[in-house]
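Q: The structure file final-v6.cif (mmCIF, C-alpha atoms) is provided below.
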```cif
data_my_file
#
loop_
_atom_site.label_atom_id
_atom_site.label_comp_id
_atom_site.auth_asym_id
_atom_site.auth_seq_id
_atom_site.Cartn_x
_atom_site.Cartn_y
_atom_site.Cartn_z
CA MET A 293 114.41 128.58 139.95
CA ASN A 294 115.63 126.92 136.78
CA ALA A 295 114.95 128.57 133.43
CA PRO A 296 112.22 126.81 131.40
CA ASN A 297 113.62 123.99 129.32
CA GLY A 298 111.59 121.74 127.03
CA ILE A 299 109.41 121.47 123.96
CA LEU A 300 106.11 123.36 123.84
CA VAL A 301 103.44 122.38 121.32
CA VAL A 302 101.05 125.26 120.62
CA ASP A 303 97.80 125.35 118.65
CA LYS A 304 98.41 128.56 116.69
CA PRO A 305 95.28 130.67 116.18
CA ALA A 306 94.42 132.26 112.84
CA ASP A 307 95.83 135.71 112.05
CA TRP A 308 98.81 135.22 114.35
CA THR A 309 102.29 135.06 112.87
CA SER A 310 104.72 132.48 114.19
CA HIS A 311 106.76 135.39 115.56
CA ASP A 312 103.67 136.60 117.46
CA VAL A 313 103.45 133.20 119.16
CA VAL A 314 107.15 133.23 120.06
CA ALA A 315 106.79 136.74 121.52
CA ARG A 316 103.80 135.66 123.64
CA VAL A 317 105.62 132.59 124.97
CA ARG A 318 108.70 134.69 125.81
CA ARG A 319 106.56 136.95 127.96
CA VAL A 320 104.59 134.16 129.63
CA ALA A 321 107.68 132.03 130.30
CA ASN A 322 109.86 135.01 131.27
CA THR A 323 112.69 133.93 128.99
CA ARG A 324 114.16 135.18 125.76
CA LYS A 325 115.48 131.81 124.66
CA VAL A 326 112.56 130.59 122.56
CA GLY A 327 112.64 129.27 118.99
CA HIS A 328 110.21 127.46 116.69
CA ALA A 329 110.43 124.62 114.19
CA GLY A 330 108.62 125.39 110.96
CA THR A 331 106.73 128.59 110.21
CA LEU A 332 102.97 128.69 109.73
CA ASP A 333 101.37 131.42 107.63
CA PRO A 334 99.11 133.85 109.55
CA MET A 335 95.96 132.40 107.92
CA ALA A 336 96.90 128.88 109.04
CA THR A 337 96.09 127.31 112.40
CA GLY A 338 97.40 124.27 114.19
CA ILE A 339 100.63 122.87 115.50
CA LEU A 340 103.59 125.14 116.04
CA VAL A 341 106.44 123.43 117.90
CA LEU A 342 108.58 125.66 120.10
CA GLY A 343 111.74 124.99 122.06
CA LEU A 344 112.65 126.76 125.29
CA GLY A 345 116.09 126.99 126.84
CA PRO A 346 118.62 124.32 125.85
CA SER A 347 115.81 122.41 124.13
CA THR A 348 115.99 124.86 121.23
CA ARG A 349 118.77 122.53 120.11
CA LEU A 350 116.14 119.87 119.36
CA LEU A 351 114.33 122.13 116.90
CA THR A 352 116.86 121.45 114.16
CA TYR A 353 115.72 117.82 114.15
CA LEU A 354 112.01 118.71 114.17
CA VAL A 355 112.26 121.13 111.24
CA GLY A 356 112.87 118.19 108.93
CA ALA A 357 110.06 116.03 110.34
CA ASP A 358 107.08 114.97 108.22
CA LYS A 359 103.95 117.10 108.56
CA GLU A 360 100.22 116.55 108.19
CA TYR A 361 97.57 119.12 107.25
CA LEU A 362 93.85 119.53 106.80
CA ALA A 363 93.10 122.04 104.05
CA THR A 364 90.41 123.41 101.77
CA ILE A 365 91.20 124.01 98.09
CA ARG A 366 88.93 126.31 96.11
CA LEU A 367 88.82 125.40 92.43
CA GLY A 368 87.73 128.13 90.03
CA ALA A 369 90.33 130.85 90.50
CA SER A 370 94.04 131.39 91.08
CA THR A 371 95.50 134.13 93.27
CA THR A 372 98.80 135.96 93.46
CA THR A 373 99.71 134.14 96.68
CA ASP A 374 98.09 130.76 95.96
CA ASP A 375 95.81 131.35 98.95
CA ALA A 376 92.83 133.46 99.92
CA GLU A 377 94.98 136.37 101.08
CA GLY A 378 96.17 137.18 97.56
CA GLU A 379 94.53 139.07 94.73
CA SER A 380 92.43 137.08 92.29
CA LEU A 381 93.98 136.37 88.90
CA GLY A 382 90.56 135.76 87.37
CA TRP A 383 87.82 133.15 87.50
CA ALA A 384 87.38 130.19 85.19
CA PRO A 385 84.23 129.95 83.04
CA ALA A 386 81.37 128.30 84.90
CA GLU A 387 81.13 125.47 82.39
CA ARG A 388 84.76 124.55 83.02
CA VAL A 389 84.15 124.39 86.77
CA ARG A 390 81.03 122.28 86.25
CA ALA A 391 83.10 119.92 84.10
CA ILE A 392 85.14 118.83 87.15
CA THR A 393 84.20 115.20 87.74
CA PRO A 394 85.28 113.03 90.68
CA ALA A 395 87.43 110.99 88.29
CA ARG A 396 89.25 114.06 86.91
CA GLN A 397 89.75 115.42 90.40
CA ALA A 398 91.14 112.09 91.63
CA ASP A 399 93.49 111.89 88.66
CA ALA A 400 94.86 115.39 89.31
CA ILE A 401 95.49 114.56 92.96
CA ALA A 402 97.08 111.19 92.09
CA HIS A 403 99.64 112.99 89.92
CA LEU A 404 100.58 115.14 92.92
CA THR A 405 101.07 112.18 95.25
CA GLY A 406 104.38 110.46 95.90
CA GLU A 407 107.74 112.00 95.05
CA ILE A 408 107.08 115.12 92.98
CA ASP A 409 108.97 118.16 91.76
CA GLN A 410 107.23 121.17 93.28
CA VAL A 411 107.74 124.85 92.50
CA PRO A 412 107.15 126.80 95.73
CA SER A 413 104.88 129.83 95.80
CA SER A 414 106.56 133.10 94.86
CA VAL A 415 105.55 134.49 98.27
CA SER A 416 107.34 131.74 100.20
CA ALA A 417 110.13 132.44 102.69
CA ILE A 418 112.78 130.84 100.47
CA LYS A 419 115.78 133.10 100.05
CA VAL A 420 116.72 134.33 96.57
CA ASP A 421 120.16 135.97 96.51
CA GLY A 422 119.95 136.51 100.26
CA LYS A 423 116.46 138.03 100.28
CA ARG A 424 113.15 136.32 101.05
CA ALA A 425 111.10 135.49 97.96
CA TYR A 426 107.96 137.05 99.49
CA ALA A 427 109.82 140.34 100.09
CA ARG A 428 110.92 140.45 96.46
CA ALA A 429 107.43 139.57 95.21
CA ARG A 430 105.76 142.23 97.35
CA ALA A 431 108.28 144.77 96.11
CA GLY A 432 107.05 144.13 92.58
CA GLU A 433 109.95 141.96 91.44
CA GLN A 434 109.40 138.96 89.20
CA VAL A 435 110.29 135.91 91.30
CA GLU A 436 111.02 132.57 89.67
CA LEU A 437 111.80 129.73 92.03
CA LYS A 438 113.33 126.42 91.05
CA SER A 439 111.40 123.22 91.61
CA ARG A 440 112.51 120.91 94.35
CA ARG A 441 111.85 117.29 95.19
CA VAL A 442 109.28 116.70 97.93
CA THR A 443 107.21 113.71 99.01
CA VAL A 444 103.45 113.80 99.37
CA SER A 445 102.83 110.47 101.07
CA GLU A 446 99.06 110.94 101.41
CA PHE A 447 96.69 113.28 99.55
CA GLU A 448 93.15 112.33 100.50
CA VAL A 449 89.88 114.00 99.50
CA LEU A 450 87.58 114.27 102.52
CA GLY A 451 84.68 116.05 100.84
CA THR A 452 83.63 118.22 97.89
CA ARG A 453 80.94 120.90 97.72
CA GLY A 454 79.82 123.69 95.46
CA ALA A 455 80.85 127.24 96.27
CA THR A 456 80.68 130.74 94.81
CA GLY A 457 83.11 133.59 94.43
CA PRO A 458 82.54 137.14 95.77
CA ASP A 459 80.48 138.08 92.71
CA GLY A 460 78.68 134.77 92.34
CA GLU A 461 81.33 133.02 90.26
CA ALA A 462 81.12 129.22 90.13
CA ALA A 463 83.62 127.37 92.31
CA VAL A 464 84.17 124.02 93.99
CA ASP A 465 85.60 123.61 97.49
CA VAL A 466 87.59 120.43 98.15
CA ASP A 467 88.49 119.43 101.71
CA VAL A 468 91.70 117.39 101.81
CA ARG A 469 94.17 115.77 104.16
CA VAL A 470 97.83 115.96 103.20
CA ALA A 471 100.75 114.09 104.77
CA CYS A 472 104.05 115.27 103.35
CA SER A 473 107.74 115.78 103.79
CA SER A 474 109.21 118.92 105.27
CA GLY A 475 109.44 121.74 102.74
CA THR A 476 106.20 120.83 100.94
CA TYR A 477 103.89 123.77 100.25
CA VAL A 478 100.20 122.91 100.52
CA ARG A 479 99.44 126.22 98.79
CA ALA A 480 101.42 125.00 95.82
CA LEU A 481 99.46 121.74 95.80
CA ALA A 482 96.22 123.77 95.64
CA ARG A 483 97.63 125.81 92.77
CA ASP A 484 98.78 122.73 90.86
CA VAL A 485 95.47 120.89 91.24
CA GLY A 486 93.79 123.94 89.72
CA VAL A 487 96.31 124.00 86.87
CA ALA A 488 95.69 120.32 86.12
CA LEU A 489 91.91 120.88 86.01
CA LEU A 490 92.22 124.08 83.94
CA THR A 491 90.20 126.02 86.51
CA GLY A 492 92.83 127.61 88.71
CA GLY A 493 92.97 126.84 92.39
CA HIS A 494 94.00 128.35 95.70
CA LEU A 495 93.97 127.52 99.39
CA THR A 496 91.18 128.92 101.57
CA ALA A 497 91.88 127.10 104.86
CA LEU A 498 94.86 125.31 106.37
CA ARG A 499 95.35 123.53 109.69
CA ARG A 500 98.54 121.70 110.62
CA THR A 501 97.61 118.59 112.57
CA ARG A 502 100.96 116.87 113.02
CA VAL A 503 104.67 117.66 113.17
CA GLY A 504 106.77 114.51 113.50
CA PRO A 505 105.52 112.68 116.62
CA PHE A 506 103.44 115.62 117.89
CA THR A 507 99.71 115.85 117.12
CA LEU A 508 96.89 118.20 118.08
CA THR A 509 96.29 116.15 121.24
CA ASP A 510 99.68 117.44 122.42
CA ALA A 511 98.90 121.07 121.55
CA HIS A 512 97.95 123.85 123.97
CA ALA A 513 95.93 127.00 123.32
CA LEU A 514 97.68 130.32 123.91
CA ASP A 515 94.88 131.61 126.11
CA ASP A 516 95.72 130.97 129.77
CA LEU A 517 98.84 129.04 128.75
CA ASP A 518 100.63 127.46 131.72
CA VAL A 519 104.10 126.92 130.32
CA ALA A 520 105.39 124.91 133.27
CA SER A 521 102.70 122.24 132.98
CA ALA A 522 102.60 122.29 129.16
CA LEU A 523 106.32 121.77 128.59
CA VAL A 524 107.41 118.39 127.26
CA ARG A 525 110.61 117.38 129.07
CA PRO A 526 113.70 117.28 126.83
CA ALA A 527 114.22 113.54 127.37
CA THR A 528 110.56 112.80 126.61
CA ALA A 529 110.65 114.87 123.42
CA ALA A 530 113.95 113.42 122.22
CA SER A 531 112.77 109.88 122.99
CA ALA A 532 109.71 110.44 120.79
CA ILE A 533 111.98 111.39 117.88
CA PHE A 534 114.96 109.04 118.29
CA PRO A 535 115.75 105.60 119.72
CA VAL A 536 116.73 105.77 123.40
CA LEU A 537 120.24 105.06 124.67
CA ALA A 538 119.88 104.36 128.41
CA LEU A 539 123.05 105.32 130.24
CA THR A 540 124.58 104.42 133.59
CA GLN A 541 125.58 107.29 135.84
CA ALA A 542 129.24 106.86 134.87
CA GLN A 543 128.37 106.78 131.15
CA ALA A 544 126.22 109.88 131.52
CA GLN A 545 129.05 111.75 133.17
CA ASP A 546 131.61 110.72 130.56
CA LEU A 547 129.34 111.38 127.58
CA GLY A 548 128.39 114.74 129.05
CA HIS A 549 132.08 115.62 129.12
CA GLY A 550 132.44 114.73 125.46
CA LYS A 551 134.12 111.37 125.93
CA LYS A 552 133.41 108.41 123.69
CA ILE A 553 131.87 105.58 125.69
CA GLU A 554 131.33 101.85 125.23
CA VAL A 555 127.68 100.77 125.07
CA ASP A 556 125.67 97.61 124.53
CA ALA A 557 123.18 99.04 122.05
CA PRO A 558 122.30 98.76 118.37
CA ASP A 559 123.78 101.20 115.89
CA ALA A 560 121.89 104.47 115.51
CA GLU A 561 122.73 107.56 113.51
CA THR A 562 121.15 109.61 116.29
CA ALA A 563 119.97 108.39 119.70
CA ALA A 564 118.54 110.15 122.74
CA ALA A 565 121.10 109.58 125.49
CA VAL A 566 119.23 109.52 128.81
CA ALA A 567 120.74 109.44 132.30
CA PRO A 568 119.36 107.20 135.09
CA ASP A 569 117.54 110.20 136.61
CA GLY A 570 115.66 110.80 133.32
CA ARG A 571 117.75 113.79 132.23
CA LEU A 572 118.61 114.15 128.54
CA VAL A 573 122.40 114.13 128.45
CA GLY A 574 122.49 114.73 124.73
CA LEU A 575 122.09 113.24 121.29
CA ALA A 576 124.62 110.59 120.41
CA ALA A 577 125.76 108.55 117.44
CA VAL A 578 126.03 104.83 118.21
CA ARG A 579 128.23 102.60 116.11
CA ASN A 580 130.01 99.28 116.68
CA GLY A 581 129.50 99.29 120.44
CA GLY A 582 130.62 102.87 120.94
CA ALA A 583 128.76 106.14 121.38
CA ARG A 584 129.93 109.70 120.84
CA THR A 585 128.17 112.99 121.46
CA ILE A 586 126.54 114.92 118.61
CA VAL A 587 124.87 117.56 120.75
CA ASN A 588 125.11 118.04 124.52
CA PHE A 589 122.23 119.31 126.64
CA PRO A 590 123.58 121.14 129.68
CA VAL A 591 121.60 121.63 132.87
CA PRO A 592 119.56 124.86 132.35
CA THR A 593 120.67 128.05 134.07
CA GLU A 594 118.63 130.29 136.33
CA ALA A 595 115.48 131.93 134.93
CA SER A 596 116.26 134.77 132.59
CA GLY A 597 114.49 138.05 132.20
CA PRO A 598 114.21 140.58 129.37
CA SER A 599 117.98 141.09 129.18
CA ALA A 600 118.77 137.44 128.44
CA GLU A 601 120.19 136.23 125.16
CA PRO A 602 118.10 136.42 121.94
CA SER A 603 115.88 133.63 120.73
CA ALA A 604 117.59 130.45 119.62
CA GLY A 605 116.40 127.95 117.07
CA PRO A 606 116.42 127.55 113.32
CA ASN A 607 115.26 130.22 110.92
CA THR A 608 112.91 128.06 108.91
CA GLU A 609 110.99 128.39 105.68
CA GLN A 610 107.24 128.49 105.49
CA GLU A 611 105.63 125.15 104.76
CA SER A 612 102.12 126.11 103.79
#
```
Take the structure in the file and write it out as structure tokens.
A:
Amino acid sequence: MNAPNGILVVDKPADWTSHDVVARVRRVANTRKVGHAGTLDPMATGILVLGLGPSTRLLTYLVGADKEYLATIRLGASTTTDDAEGESLGWAPAERVRAITPARQADAIAHLTGEIDQVPSSVSAIKVDGKRAYARARAGEQVELKSRRVTVSEFEVLGTRGATGPDGEAAVDVDVRVACSSGTYVRALARDVGVALLTGGHLTALRRTRVGPFTLTDAHALDDLDVASALVRPATAASAIFPVLALTQAQAQDLGHGKKIEVDAPDAETAAAVAPDGRLVGLAAVRNGGARTIVNFPVPTEASGPSAEPSAGPNTEQES
């Protein structure tokens, strides 16, 4: 029996870490070679894309894909983590919260839409001198992260309602939809909206609804997960990300052996090279009528047990 090979889209439940999901899939699929593309915080739910077997090689290309989220921002208080899991840094006066008008709210969000310079949360997974920022912050160190350029292509308000803090403090909950580039922190958007409105703000709910071409309709619950039927074939996954380069049998053999081949196809920085039998031969660069291999995808080996090689796939930063 061949080892599992493909992309698995999971609907991560709340209070699970991304590592918890990987560990579950390893056990269910009976393979150690499992990686994921883009960490979700434990409080977040939604799409977590995993790669099994040789398809872990595709994860590098999915890490950089655009994402979409549904989130709730609570205006009225900031926290140490920019979300509900952190300690409160104090509540704004009730009159300041009541002064939030739809126009002011829209203006704050407009200034956080498009290409922006964003300072990630101090409890992000970004490395500072070789150590994760969240580890330094939780150890009591002062963490100052540099801003970086991200793109928030859509920042839409879906609804607004009054709310209260744990001791009756005045607050406003804003439900939003955010489409953004990889590396954007929705927690930081919540924080910065609160800064702009002089009320403080933090995230109370987050659900990732899209990663690149994959949406919640592609996602599977962890309960009673049938990996074999849920796996997206490597060629299908790669074809959803890149233009397809359809190969003849001879071309597939040559490209699989690392040879440059002649093709009748438009130029593409990266293309999914697919054999006549539907197998993903690899990813290829196409230029001036020629194609060369970027990454090969070998035929998967026999199913592996607990002693197989460790998980493959990128070690990614949190994006929430």
Q: Excluding stretch 349-357 of chain A and any residue of its chain fewer than 2 positions from it, enumerate the residues within 10 Å of it, using only C-alpha atoms, and give them as an NGL selection string.
A: :A and (298-299 or 327-331 or 341-347 or 359 or 472-475 or 502-506 or 526 or 529-530 or 533-534 or 574-575 or 587-589 or 604-609)
Q: Using only C-alpha atoms, find all polymer residues with an atom at most 12 Å away from the point (105.8, 129.1, 133.7); report them as a list of chain:residue names.
A: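 Collected hits near the coordinates: A:Met293, A:Asn294, A:Ala295, A:Pro296, A:Asn297, A:Gly298, A:Leu300, A:Val317, A:Arg318, A:Arg319, A:Val320, A:Ala321, A:Asn322, A:Thr323, A:Leu344, A:Asp516, A:Leu517, A:Asp518, A:Val519, A:Ala520, A:Ser521, A:Ala522, A:Leu523, A:Ala595, A:Ser596.
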Q: What is the atom CA of A:Ala336-atom CA of A:Ile408 distance in Å, reported with one decimal?
A: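 Between these atoms lies a distance of 23.5 Å.
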Q: Counting all atoms listed in the file, which of A:Thr452, A:Thr476, A:Thr491, A:Gln397 gets nearest to A:Leu381?
A: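 Closest residue, counting all atoms listed in the file: A:Thr491.
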Q: Neighbourhood query: residues within 12 Å of (129.0, 111.6, 129.9), file coordinates, counting only C-alpha atoms; return as a ChimeraX atom specification.
A: /A:538-555,565-568,571-576,583-585,587-590
